[in-house]
file coords.csv (CSV, N, CA and C atoms)
chain,number,residue,atom,x,y,z
A,22,MET,N,0.8,-1.2,0.0
A,22,MET,CA,0.0,0.0,0.0
A,22,MET,C,0.9,1.2,0.0
A,23,THR,N,0.7,2.1,-0.9
A,23,THR,CA,1.5,3.3,-1.0
A,23,THR,C,0.8,4.5,-0.3
A,24,LYS,N,1.6,5.4,0.2
A,24,LYS,CA,1.1,6.5,0.9
A,24,LYS,C,0.7,7.6,-0.1
A,25,ALA,N,-0.3,8.4,0.2
A,25,ALA,CA,-0.7,9.5,-0.7
A,25,ALA,C,0.4,10.6,-0.5
A,26,VAL,N,0.8,11.2,-1.6
A,26,VAL,CA,1.7,12.3,-1.6
A,26,VAL,C,0.9,13.5,-1.3
A,27,PRO,N,1.4,14.3,-0.3
A,27,PRO,CA,0.7,15.6,0.0
A,27,PRO,C,0.6,16.5,-1.2
A,28,ASN,N,-0.3,17.4,-1.1
A,28,ASN,CA,-0.5,18.3,-2.2
A,28,ASN,C,0.5,19.5,-2.0
A,29,ARG,N,0.5,20.4,-3.0
A,29,ARG,CA,1.5,21.5,-3.0
A,29,ARG,C,1.3,22.4,-1.8
A,30,LYS,N,0.1,22.7,-1.4
A,30,LYS,CA,-0.1,23.6,-0.3
A,30,LYS,C,0.4,22.9,1.0
A,31,GLU,N,0.2,21.6,1.2
A,31,GLU,CA,0.6,20.9,2.4
A,31,GLU,C,2.2,20.9,2.5
A,32,ILE,N,2.8,20.6,1.3
A,32,ILE,CA,4.2,20.6,1.3
A,32,ILE,C,4.8,22.0,1.6
A,33,LEU,N,4.2,23.0,1.0
A,33,LEU,CA,4.7,24.4,1.2
A,33,LEU,C,4.6,24.8,2.6
A,34,SER,N,3.5,24.4,3.3
A,34,SER,CA,3.3,24.7,4.7
A,34,SER,C,4.4,24.0,5.5
A,35,ARG,N,4.6,22.7,5.2
A,35,ARG,CA,5.7,22.0,5.9
A,35,ARG,C,7.0,22.6,5.7
A,36,LEU,N,7.4,23.0,4.5
A,36,LEU,CA,8.7,23.7,4.3
A,36,LEU,C,8.8,25.0,5.0
A,37,ALA,N,7.7,25.7,5.1
A,37,ALA,CA,7.7,27.0,5.9
A,37,ALA,C,8.0,26.7,7.4
A,38,GLN,N,7.3,25.6,7.9
A,38,GLN,CA,7.5,25.3,9.3
A,38,GLN,C,9.0,24.8,9.5
A,39,LEU,N,9.5,24.1,8.6
A,39,LEU,CA,10.9,23.7,8.7
A,39,LEU,C,11.9,24.9,8.6
A,40,GLU,N,11.5,25.9,7.8
A,40,GLU,CA,12.4,27.1,7.7
A,40,GLU,C,12.4,27.8,9.1
A,41,ILE,N,11.2,27.8,9.8
A,41,ILE,CA,11.2,28.4,11.1
A,41,ILE,C,12.0,27.6,12.1
A,42,LEU,N,11.9,26.3,12.0
A,42,LEU,CA,12.7,25.5,12.9
A,42,LEU,C,14.2,25.7,12.7
A,43,LEU,N,14.6,25.8,11.4
A,43,LEU,CA,16.0,26.0,11.0
A,43,LEU,C,16.5,27.3,11.6
A,44,SER,N,15.7,28.4,11.4
A,44,SER,CA,16.0,29.7,11.9
A,44,SER,C,16.2,29.7,13.4
A,45,ARG,N,15.3,29.0,14.1
A,45,ARG,CA,15.3,28.9,15.6
A,45,ARG,C,16.6,28.2,16.0
A,46,LEU,N,16.9,27.1,15.4
A,46,LEU,CA,18.1,26.4,15.8
A,46,LEU,C,19.4,27.2,15.5
A,47,GLN,N,19.4,27.9,14.4
A,47,GLN,CA,20.5,28.8,14.1
A,47,GLN,C,20.7,29.9,15.2
A,48,ASP,N,19.6,30.5,15.6
A,48,ASP,CA,19.6,31.5,16.7
A,48,ASP,C,20.0,30.9,18.0
A,49,GLU,N,19.5,29.7,18.3
A,49,GLU,CA,19.9,29.1,19.6
A,49,GLU,C,21.4,28.7,19.6
A,50,LEU,N,21.9,28.3,18.5
A,50,LEU,CA,23.3,27.9,18.4
A,50,LEU,C,24.2,29.2,18.5
A,51,PHE,N,23.7,30.3,17.9
A,51,PHE,CA,24.4,31.6,18.0
A,51,PHE,C,24.6,32.1,19.4
A,52,VAL,N,23.5,32.0,20.2
A,52,VAL,CA,23.6,32.5,21.6
A,52,VAL,C,24.1,31.5,22.6
A,53,CYS,N,24.3,30.2,22.1
A,53,CYS,CA,24.8,29.2,23.0
A,53,CYS,C,26.2,29.3,23.3
A,54,GLU,N,26.6,29.1,24.5
A,54,GLU,CA,28.0,29.1,24.9
A,54,GLU,C,28.8,28.0,24.3
A,55,HIS,N,28.1,26.9,24.0
A,55,HIS,CA,28.8,25.7,23.6
A,55,HIS,C,28.6,25.5,22.1
A,56,LYS,N,29.5,26.0,21.3
A,56,LYS,CA,29.4,25.9,19.9
A,56,LYS,C,29.9,24.5,19.5
A,57,ASN,N,29.1,23.9,18.6
A,57,ASN,CA,29.4,22.5,18.2
A,57,ASN,C,29.4,22.5,16.7
A,58,THR,N,30.5,22.0,16.1
A,58,THR,CA,30.6,22.0,14.7
A,58,THR,C,29.7,20.9,14.1
A,59,VAL,N,29.3,19.9,14.8
A,59,VAL,CA,28.4,18.9,14.3
A,59,VAL,C,27.0,19.5,14.2
A,60,VAL,N,26.6,20.3,15.2
A,60,VAL,CA,25.3,21.0,15.1
A,60,VAL,C,25.3,22.0,14.0
A,61,GLN,N,26.4,22.7,13.8
A,61,GLN,CA,26.5,23.7,12.7
A,61,GLN,C,26.4,22.9,11.3
A,62,ASP,N,27.0,21.8,11.3
A,62,ASP,CA,27.0,21.0,10.0
A,62,ASP,C,25.5,20.5,9.8
A,63,CYS,N,24.8,20.1,10.8
A,63,CYS,CA,23.4,19.7,10.7
A,63,CYS,C,22.6,20.9,10.1
A,64,ILE,N,22.8,22.1,10.6
A,64,ILE,CA,22.1,23.3,10.2
A,64,ILE,C,22.4,23.5,8.7
A,65,ASP,N,23.7,23.5,8.4
A,65,ASP,CA,24.1,23.8,7.0
A,65,ASP,C,23.5,22.8,6.0
A,66,ARG,N,23.6,21.5,6.4
A,66,ARG,CA,23.0,20.5,5.5
A,66,ARG,C,21.5,20.6,5.4
A,67,ALA,N,20.9,20.9,6.5
A,67,ALA,CA,19.4,21.1,6.5
A,67,ALA,C,19.0,22.2,5.6
A,68,ASP,N,19.8,23.3,5.7
A,68,ASP,CA,19.5,24.5,4.8
A,68,ASP,C,19.7,24.1,3.3
A,69,LYS,N,20.7,23.4,3.0
A,69,LYS,CA,20.9,23.0,1.6
A,69,LYS,C,19.8,22.1,1.1
A,70,THR,N,19.4,21.2,2.0
A,70,THR,CA,18.4,20.2,1.6
A,70,THR,C,17.0,20.9,1.5
A,71,LEU,N,16.8,21.9,2.4
A,71,LEU,CA,15.5,22.7,2.3
A,71,LEU,C,15.5,23.4,1.0
A,72,LYS,N,16.6,24.0,0.6
A,72,LYS,CA,16.6,24.7,-0.7
A,72,LYS,C,16.3,23.7,-1.9
A,73,SER,N,16.8,22.5,-1.8
A,73,SER,CA,16.6,21.5,-2.8
A,73,SER,C,15.1,21.1,-2.8
A,74,ALA,N,14.5,21.0,-1.6
A,74,ALA,CA,13.1,20.7,-1.5
A,74,ALA,C,12.2,21.7,-2.2
A,75,VAL,N,12.6,23.0,-1.9
A,75,VAL,CA,11.8,24.1,-2.6
A,75,VAL,C,11.9,24.0,-4.1
A,76,GLN,N,13.1,23.7,-4.6
A,76,GLN,CA,13.3,23.6,-6.0
A,76,GLN,C,12.5,22.5,-6.6
A,77,LYS,N,12.5,21.3,-5.9
A,77,LYS,CA,11.7,20.2,-6.4
A,77,LYS,C,10.2,20.5,-6.4
A,78,LEU,N,9.8,21.2,-5.3
A,78,LEU,CA,8.4,21.6,-5.2
A,78,LEU,C,8.0,22.5,-6.4
A,79,SER,N,8.9,23.5,-6.7
A,79,SER,CA,8.6,24.4,-7.8
A,79,SER,C,8.5,23.7,-9.1
A,80,ARG,N,9.2,22.6,-9.3
A,80,ARG,CA,9.2,21.8,-10.5
A,80,ARG,C,8.0,20.8,-10.5
A,81,GLY,N,7.3,20.7,-9.4
A,81,GLY,CA,6.1,19.8,-9.4
A,81,GLY,C,6.5,18.4,-8.9
A,82,ASP,N,7.7,18.2,-8.4
A,82,ASP,CA,8.1,16.9,-8.0
A,82,ASP,C,7.7,16.8,-6.5
A,83,PHE,N,6.4,16.6,-6.2
A,83,PHE,CA,6.0,16.6,-4.8
A,83,PHE,C,6.5,15.4,-4.0
A,84,GLU,N,6.7,14.3,-4.6
A,84,GLU,CA,7.2,13.1,-3.8
A,84,GLU,C,8.6,13.4,-3.3
A,85,THR,N,9.5,13.9,-4.2
A,85,THR,CA,10.9,14.2,-3.8
A,85,THR,C,10.9,15.3,-2.8
A,86,ALA,N,10.1,16.3,-3.0
A,86,ALA,CA,10.0,17.5,-2.1
A,86,ALA,C,9.6,17.0,-0.7
A,87,THR,N,8.7,16.1,-0.6
A,87,THR,CA,8.2,15.5,0.6
A,87,THR,C,9.3,14.7,1.3
A,88,HIS,N,10.0,13.9,0.5
A,88,HIS,CA,11.2,13.2,1.0
A,88,HIS,C,12.2,14.1,1.6
A,89,LEU,N,12.6,15.1,0.8
A,89,LEU,CA,13.6,16.1,1.3
A,89,LEU,C,13.2,16.8,2.5
A,90,ALA,N,11.9,17.1,2.6
A,90,ALA,CA,11.4,17.8,3.8
A,90,ALA,C,11.6,16.9,5.0
A,91,ASN,N,11.4,15.6,4.9
A,91,ASN,CA,11.6,14.7,6.0
A,91,ASN,C,13.0,14.6,6.4
A,92,VAL,N,13.9,14.7,5.4
A,92,VAL,CA,15.4,14.7,5.7
A,92,VAL,C,15.8,15.9,6.4
A,93,VAL,N,15.2,17.1,6.0
A,93,VAL,CA,15.5,18.3,6.7
A,93,VAL,C,15.1,18.2,8.2
A,94,TYR,N,13.9,17.7,8.4
A,94,TYR,CA,13.4,17.5,9.8
A,94,TYR,C,14.3,16.6,10.6
A,95,LEU,N,14.8,15.5,10.0
A,95,LEU,CA,15.7,14.6,10.8
A,95,LEU,C,17.0,15.3,11.1
A,96,ARG,N,17.5,16.1,10.2
A,96,ARG,CA,18.8,16.8,10.4
A,96,ARG,C,18.6,17.8,11.5
A,97,LEU,N,17.5,18.6,11.5
A,97,LEU,CA,17.3,19.6,12.5
A,97,LEU,C,17.0,19.0,13.8
A,98,ASN,N,16.3,17.9,13.9
A,98,ASN,CA,16.0,17.2,15.1
A,98,ASN,C,17.3,16.7,15.8
A,99,PHE,N,18.1,16.1,15.0
A,99,PHE,CA,19.4,15.5,15.5
A,99,PHE,C,20.2,16.7,16.0
A,100,GLY,N,20.4,17.7,15.2
A,100,GLY,CA,21.2,18.9,15.7
A,100,GLY,C,20.7,19.5,17.0
A,101,ARG,N,19.4,19.6,17.1
A,101,ARG,CA,18.8,20.1,18.3
A,101,ARG,C,19.1,19.2,19.5
A,102,GLN,N,18.9,17.9,19.3
A,102,GLN,CA,19.1,17.0,20.4
A,102,GLN,C,20.6,17.0,20.8
A,103,LEU,N,21.4,17.1,19.9
A,103,LEU,CA,22.9,17.1,20.2
A,103,LEU,C,23.2,18.4,21.0
A,104,MET,N,22.7,19.5,20.6
A,104,MET,CA,22.9,20.7,21.3
A,104,MET,C,22.4,20.7,22.7
A,105,VAL,N,21.2,20.1,22.9
A,105,VAL,CA,20.7,20.0,24.2
A,105,VAL,C,21.6,19.1,25.1
A,106,ALA,N,22.0,18.0,24.5
A,106,ALA,CA,22.9,17.1,25.2
A,106,ALA,C,24.2,17.8,25.6
A,107,GLU,N,24.8,18.6,24.8
A,107,GLU,CA,26.0,19.3,25.1
A,107,GLU,C,25.8,20.3,26.2
A,108,ILE,N,24.6,21.0,26.2
A,108,ILE,CA,24.3,22.0,27.2
A,108,ILE,C,24.1,21.2,28.6
A,109,LEU,N,23.4,20.1,28.5
A,109,LEU,CA,23.2,19.3,29.8
A,109,LEU,C,24.5,18.8,30.3
A,110,GLU,N,25.4,18.3,29.4
A,110,GLU,CA,26.7,17.8,29.9
A,110,GLU,C,27.5,18.9,30.6
A,111,SER,N,27.5,20.1,30.0
A,111,SER,CA,28.3,21.2,30.6
A,111,SER,C,27.6,21.7,31.9
A,112,GLU,N,26.3,21.7,32.0
A,112,GLU,CA,25.6,22.2,33.2
A,112,GLU,C,25.7,21.2,34.4
A,113,ILE,N,25.6,19.9,34.1
A,113,ILE,CA,25.7,19.0,35.2
A,113,ILE,C,27.0,18.4,35.4
A,114,GLY,N,28.0,18.7,34.6
A,114,GLY,CA,29.3,18.3,34.7
A,114,GLY,C,29.6,17.0,34.1
A,115,GLU,N,30.8,16.9,33.5
A,115,GLU,CA,31.1,15.6,32.8
A,115,GLU,C,31.1,14.4,33.7
A,116,SER,N,31.4,14.6,35.0
A,116,SER,CA,31.4,13.4,35.8
A,116,SER,C,30.0,12.9,36.1
A,117,GLU,N,29.0,13.7,35.9
A,117,GLU,CA,27.6,13.3,36.1
A,117,GLU,C,27.0,12.7,34.8
A,118,PHE,N,27.5,13.1,33.7
A,118,PHE,CA,26.9,12.7,32.4
A,118,PHE,C,27.2,11.3,32.1
A,119,LEU,N,26.3,10.6,31.4
A,119,LEU,CA,26.5,9.2,31.1
A,119,LEU,C,27.6,9.1,30.0
A,120,GLN,N,28.6,8.4,30.2
A,120,GLN,CA,29.7,8.2,29.2
A,120,GLN,C,29.4,6.9,28.4
A,121,LEU,N,29.7,7.0,27.2
A,121,LEU,CA,29.5,5.8,26.3
A,121,LEU,C,30.7,4.9,26.3
A,122,THR,N,30.8,4.1,27.4
A,122,THR,CA,31.9,3.2,27.5
A,122,THR,C,31.4,1.9,28.0
A,123,GLU,N,32.3,0.9,28.0
A,123,GLU,CA,31.8,-0.4,28.4
A,123,GLU,C,31.7,-0.4,30.0
A,124,VAL,N,30.6,-1.0,30.4
A,124,VAL,CA,30.3,-1.0,31.8
A,124,VAL,C,30.7,-2.4,32.4
A,125,GLU,N,31.6,-2.3,33.4
A,125,GLU,CA,31.9,-3.5,34.1
A,125,GLU,C,30.8,-4.0,35.0
A,126,ALA,N,31.0,-5.1,35.6
A,126,ALA,CA,29.9,-5.6,36.5
A,126,ALA,C,29.6,-4.6,37.6
A,127,VAL,N,28.4,-4.1,37.5
A,127,VAL,CA,28.0,-3.1,38.5
A,127,VAL,C,26.7,-3.6,39.1
A,128,HIS,N,26.6,-3.4,40.4
A,128,HIS,CA,25.4,-3.8,41.1
A,128,HIS,C,24.2,-3.0,40.7
A,129,GLU,N,23.0,-3.6,40.5
A,129,GLU,CA,21.8,-2.9,40.1
A,129,GLU,C,21.5,-1.8,41.0
A,130,SER,N,21.6,-1.9,42.3
A,130,SER,CA,21.3,-0.8,43.2
A,130,SER,C,22.1,0.4,43.0
A,131,VAL,N,23.4,0.2,42.6
A,131,VAL,CA,24.3,1.4,42.3
A,131,VAL,C,23.8,2.1,41.1
A,132,LEU,N,23.5,1.3,40.0
A,132,LEU,CA,23.0,1.9,38.8
A,132,LEU,C,21.7,2.6,39.0
A,133,THR,N,20.8,2.0,39.8
A,133,THR,CA,19.5,2.7,40.1
A,133,THR,C,19.7,4.0,40.8
A,134,ALA,N,20.6,4.0,41.7
A,134,ALA,CA,20.8,5.3,42.5
A,134,ALA,C,21.4,6.3,41.6
A,135,SER,N,22.4,5.9,40.7
A,135,SER,CA,23.0,6.8,39.8
A,135,SER,C,22.0,7.4,38.8
A,136,PHE,N,21.2,6.5,38.2
A,136,PHE,CA,20.2,7.0,37.3
A,136,PHE,C,19.2,8.0,38.0
A,137,ALA,N,18.8,7.7,39.2
A,137,ALA,CA,17.9,8.5,39.9
A,137,ALA,C,18.5,9.9,40.1
A,138,LYS,N,19.8,9.9,40.5
A,138,LYS,CA,20.4,11.2,40.7
A,138,LYS,C,20.5,12.0,39.4
A,139,SER,N,20.9,11.3,38.4
A,139,SER,CA,21.0,12.0,37.0
A,139,SER,C,19.6,12.5,36.6
A,140,ASP,N,18.6,11.7,36.8
A,140,ASP,CA,17.2,12.0,36.4
A,140,ASP,C,16.8,13.3,37.2
A,141,ARG,N,17.1,13.3,38.5
A,141,ARG,CA,16.8,14.5,39.3
A,141,ARG,C,17.5,15.8,38.8
A,142,ILE,N,18.8,15.6,38.5
A,142,ILE,CA,19.5,16.8,38.0
A,142,ILE,C,19.0,17.3,36.7
A,143,ILE,N,18.7,16.4,35.8
A,143,ILE,CA,18.2,16.7,34.5
A,143,ILE,C,16.8,17.4,34.6
A,144,ARG,N,15.9,16.9,35.4
A,144,ARG,CA,14.6,17.5,35.7
A,144,ARG,C,14.8,18.9,36.2
A,145,GLU,N,15.7,19.1,37.2
A,145,GLU,CA,15.9,20.4,37.7
A,145,GLU,C,16.4,21.4,36.7
A,146,PHE,N,17.3,20.9,35.8
A,146,PHE,CA,17.8,21.7,34.7
A,146,PHE,C,16.7,22.1,33.8
A,147,ILE,N,15.9,21.2,33.4
A,147,ILE,CA,14.8,21.5,32.5
A,147,ILE,C,13.9,22.5,33.1
A,148,GLU,N,13.6,22.4,34.4
A,148,GLU,CA,12.7,23.4,35.0
A,148,GLU,C,13.4,24.8,35.0
A,149,GLN,N,14.7,24.8,35.2
A,149,GLN,CA,15.4,26.1,35.2
A,149,GLN,C,15.3,26.7,33.8
A,150,CYS,N,15.5,25.8,32.8
A,150,CYS,CA,15.4,26.3,31.4
A,150,CYS,C,14.0,26.9,31.0
A,151,LYS,N,13.0,26.2,31.6
A,151,LYS,CA,11.6,26.7,31.3
A,151,LYS,C,11.4,28.0,31.9
A,152,THR,N,11.9,28.2,33.1
A,152,THR,CA,11.8,29.5,33.8
A,152,THR,C,12.6,30.6,33.1
A,153,LYS,N,13.7,30.2,32.4
A,153,LYS,CA,14.5,31.2,31.7
A,153,LYS,C,14.1,31.3,30.2
A,154,HIS,N,13.1,30.5,29.8
A,154,HIS,CA,12.6,30.4,28.5
A,154,HIS,C,13.6,30.0,27.5
A,155,ILE,N,14.4,29.0,27.8
A,155,ILE,CA,15.5,28.5,26.9
A,155,ILE,C,14.9,27.5,26.0

call {"tool": "encode", "arguments": {"input": "coords.csv", "output": "structure tokens"}}
result
Amino acid sequence: MTKAVPNRKEILSRLAQLEILLSRLQDELFVCEHKNTVVQDCIDRADKTLKSAVQKLSRGDFETATHLANVVYLRLNFGRQLMVAEILESEIGESEFLQLTEVEAVHESVLTASFAKSDRIIREFIEQCKTKHI
């Protein structure tokens, strides 16, 4: 079963929303203390892909424009999540952040306590961000 391709107006609306997300992410990275080249690369690639999607839409290739719009969203979403992770890591300290390494035999109670502490710190940080409108 094939999915129905959105019409021109729906695709145009989606591209406009993606342009807003792109602009917001650029602004957030600009004011962020923690510049990340991977996040900037996500933004740059999303911008190029968005321009390609607009070109495809103008040529009437709705299916490709829809596909490219989805790629733009994925790139922006990844960049945003990476930026948030970087901010969290710097705010709570590298010693508190989960490191992607092999875990030796650790007792479940120690892990549970560690995750509970990290969860509490992250929730407090999110609340601080909400009050500061970050």

call {"tool": "closest_residue", "arguments": {"input": "coords.csv", "among": "A:Ile147, A:Leu103, A:Thr152, A:Val93", "to": "Gln38 of chain A", "atoms": "only C-alpha atoms"}}
result
A:Val93

call {"tool": "residues_around", "arguments": {"input": "coords.csv", "residues": "segment 97-102 of chain A", "least_positions_apart": "4", "cutoff": "8 Å", "atoms": "all atoms listed in the file", "output": "ChimeraX atom specification"}}
result
/A:42-43,46,59-64,66-68,91-93,106-108

call {"tool": "write_last_selection", "arguments": {"input": "coords.csv", "atoms": "N, CA and C atoms", "output": "short mmCIF file (atom, residue, chain, number, x, y, z; two decimals), keeping the file's coordinate frame"}}
result
data_model
loop_
_atom_site.label_atom_id
_atom_site.label_comp_id
_atom_site.auth_asym_id
_atom_site.auth_seq_id
_atom_site.Cartn_x
_atom_site.Cartn_y
_atom_site.Cartn_z
N LEU A 42 11.90 26.30 12.00
CA LEU A 42 12.70 25.50 12.90
C LEU A 42 14.20 25.70 12.70
N LEU A 43 14.60 25.80 11.40
CA LEU A 43 16.00 26.00 11.00
C LEU A 43 16.50 27.30 11.60
N LEU A 46 16.90 27.10 15.40
CA LEU A 46 18.10 26.40 15.80
C LEU A 46 19.40 27.20 15.50
N VAL A 59 29.30 19.90 14.80
CA VAL A 59 28.40 18.90 14.30
C VAL A 59 27.00 19.50 14.20
N VAL A 60 26.60 20.30 15.20
CA VAL A 60 25.30 21.00 15.10
C VAL A 60 25.30 22.00 14.00
N GLN A 61 26.40 22.70 13.80
CA GLN A 61 26.50 23.70 12.70
C GLN A 61 26.40 22.90 11.30
N ASP A 62 27.00 21.80 11.30
CA ASP A 62 27.00 21.00 10.00
C ASP A 62 25.50 20.50 9.80
N CYS A 63 24.80 20.10 10.80
CA CYS A 63 23.40 19.70 10.70
C CYS A 63 22.60 20.90 10.10
N ILE A 64 22.80 22.10 10.60
CA ILE A 64 22.10 23.30 10.20
C ILE A 64 22.40 23.50 8.70
N ARG A 66 23.60 21.50 6.40
CA ARG A 66 23.00 20.50 5.50
C ARG A 66 21.50 20.60 5.40
N ALA A 67 20.90 20.90 6.50
CA ALA A 67 19.40 21.10 6.50
C ALA A 67 19.00 22.20 5.60
N ASP A 68 19.80 23.30 5.70
CA ASP A 68 19.50 24.50 4.80
C ASP A 68 19.70 24.10 3.30
N ASN A 91 11.40 15.60 4.90
CA ASN A 91 11.60 14.70 6.00
C ASN A 91 13.00 14.60 6.40
N VAL A 92 13.90 14.70 5.40
CA VAL A 92 15.40 14.70 5.70
C VAL A 92 15.80 15.90 6.40
N VAL A 93 15.20 17.10 6.00
CA VAL A 93 15.50 18.30 6.70
C VAL A 93 15.10 18.20 8.20
N ALA A 106 22.00 18.00 24.50
CA ALA A 106 22.90 17.10 25.20
C ALA A 106 24.20 17.80 25.60
N GLU A 107 24.80 18.60 24.80
CA GLU A 107 26.00 19.30 25.10
C GLU A 107 25.80 20.30 26.20
N ILE A 108 24.60 21.00 26.20
CA ILE A 108 24.30 22.00 27.20
C ILE A 108 24.10 21.20 28.60
#

call {"tool": "residues_around", "arguments": {"input": "coords.csv", "residues": "segment 110-114 of chain A", "least_positions_apart": "6", "cutoff": "8 Å", "atoms": "all atoms listed in the file", "output": "PDB file with N, CA and C atoms, in the frame of the given file"}}
result
ATOM      1  N   MET A 104      22.700  19.500  20.600  1.00  0.00           N
ATOM      2  CA  MET A 104      22.900  20.700  21.300  1.00  0.00           C
ATOM      3  C   MET A 104      22.400  20.700  22.700  1.00  0.00           C
ATOM      4  N   ILE A 142      18.800  15.600  38.500  1.00  0.00           N
ATOM      5  CA  ILE A 142      19.500  16.800  38.000  1.00  0.00           C
ATOM      6  C   ILE A 142      19.000  17.300  36.700  1.00  0.00           C
ATOM      7  N   ILE A 143      18.700  16.400  35.800  1.00  0.00           N
ATOM      8  CA  ILE A 143      18.200  16.700  34.500  1.00  0.00           C
ATOM      9  C   ILE A 143      16.800  17.400  34.600  1.00  0.00           C
ATOM     10  N   PHE A 146      17.300  20.900  35.800  1.00  0.00           N
ATOM     11  CA  PHE A 146      17.800  21.700  34.700  1.00  0.00           C
ATOM     12  C   PHE A 146      16.700  22.100  33.800  1.00  0.00           C
TER      13      PHE A 146
END

call {"tool": "residues_around", "arguments": {"input": "coords.csv", "residues": "segment 69-81 of chain A", "least_positions_apart": "4", "cutoff": "8 Å", "atoms": "all atoms listed in the file", "output": "PyMOL selection string"}}
result
chain A and resi 29+32-33+36+39-40+63-65+85-90+92-94
